[in-house]
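Written below as structure tokens is the structure these notes are about.
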Amino acid sequence: MVAKLIRRGTVGSSMRFADRADSGFTLIEMLVTMVIAGIVMAIGGLSWNAYSKAQAEKGTANGLVSALRDAAQRAQSEGRSYCISFTPDASDPHKSLSWSVWRYSCDSTWSGQTMQGQTVTATQVTSHKIQGAYLDLTTSTFSPPPTAFGGTSFATACPAGPHNCIYFYPRGISSAGVIDVGRSGSSKVYAVNVGGLTSRVYLG
């Protein structure tokens, strides 16, 4: 008799557990799961957004360094000056969202002569748009280019402003100074340095 009761109790408990397992999740359990999943996704989205913006800022700084180094190398290998200009943004003149590479001068109206007497004019080589970051023109401290030498092909004009362009010359010298790369909502700043006597470009 006792054995029968035990078997009946065991069978009854198993059936109740089976019924609960087959019944699925309750509405409250589903709501809790959805809320937790939403919170996790929101945190992940914010983290990814912040990471993407940080990478965009770093990429802008590295891209500017590459452009400046390329201009310095071209100036020495081609025997003519190169200039990089930073265009002030229309909505905020203290910031720049683009830069351009020019051959001979950043002034599009400039013309001169080489030491051989050849007439040359300013020519824009490339332009680059910035997204997710900006160049801070308020902290730009580039000194005027060195005194022109060896013919009139070495221009010094900087139409956008005295500190808004960098010149590189064939003998390995350049404008000297620093320009900061930043982004809205962050205190992180990348300082792009240019050495005047060596044309060395590096992140500080």
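All residue names refer to the structure tokens as shown: chains lettered A, B, ... in order, residues numbered from 1 in each chain, ligands numbered from 1 in order.
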Note to self: So that I can check the surroundings of Ser127 in chain A, please list as an MDAnalysis selection string every protein, DNA and RNA residue that reaches within 12 Å of it, counting only C-alpha atoms and ignoring chain neighbours fewer than 6 positions away.
What the structure shows: chainID A and resid 64 67 83:87 97:102 106
For the interface of range 36-143 of chain A with range 172-176 of chain A (cut-off 7 Å, counting only C-alpha atoms), please tabulate each contacting residue of range 36-143 of chain A alongside its nearest pair of atoms and their separation in Å to one decimal, rows sorted by chain and increasing number, as a tab-separated table.
residue	atom	partner	partner_atom	distance
A:Gln76	CA	A:Gly172	CA	6.3
A:Phe142	CA	A:Ala176	CA	5.3
A:Ser143	CA	A:Ala176	CA	5.5
Margin query: DSSP on the backbone, strand (DSSP E) only: what residues of range 77-201 of chain A does that give? Format it as a PyMOL selection string.
Written below: chain A and resi 82-88+95-103+111-113+119-121+123-129+134-136+165-168+177-182+190-194+201
Check: What lies within 12 Å of Arg69 in chain A using only C-alpha atoms, ignoring chain neighbours under 5 positions off, as a PyMOL selection string?
Finding: chain A and resi 62-64+74-76+82-84+101+166-168+172+174+192-195+198-203
Checklist line | Polymer residues at most 10 Å from Ala56 in chain A, only C-alpha atoms, same-chain spacing of 4 or more positions, as an MDAnalysis selection string | finding: chainID A and resid 50:52 60:62 130:133 182:183
Can you spit out the residues from that selection as a compact mmCIF listing (two decimals), in the first residue's frame, using C-alpha atoms?
# COMPACT_ATOMS: atom_id res chain seq x y z
CA ALA A 50 31.38 56.42 -28.83
CA TYR A 51 33.98 54.01 -30.24
CA SER A 52 33.11 54.96 -33.83
CA THR A 60 41.38 62.30 -39.17
CA ALA A 61 44.59 63.01 -37.24
CA ASN A 62 46.46 60.17 -38.96
CA ILE A 130 36.46 65.69 -42.63
CA GLN A 131 33.63 63.75 -40.96
CA GLY A 132 33.27 63.07 -37.25
CA ALA A 133 36.04 65.50 -36.26
CA GLY A 182 39.20 67.30 -31.95
CA ARG A 183 35.54 66.28 -31.97
Note to self: I'd like the contact shell of Thr138 in chain A - 10 Å cut-off, only C-alpha atoms, skipping same-chain residues fewer than 5 positions apart - returned as a PyMOL selection string.
What the structure shows: chain A and resi 93-95+163-164+179-180
For the selection you just gave me, I'd like the residues written to a file as a CSV table (one decimal), in the first residue's frame, keeping C-alpha atoms.
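And here is the file that came out, out_31.csv:
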chain,number,residue,atom,x,y,z
A,93,PRO,CA,35.1,80.0,-38.5
A,94,HIS,CA,37.1,78.7,-35.6
A,95,LYS,CA,36.9,75.2,-37.0
A,163,HIS,CA,47.8,80.5,-39.4
A,164,ASN,CA,45.5,78.5,-41.7
A,179,ILE,CA,47.2,72.2,-35.2
A,180,ASP,CA,44.8,70.3,-33.0
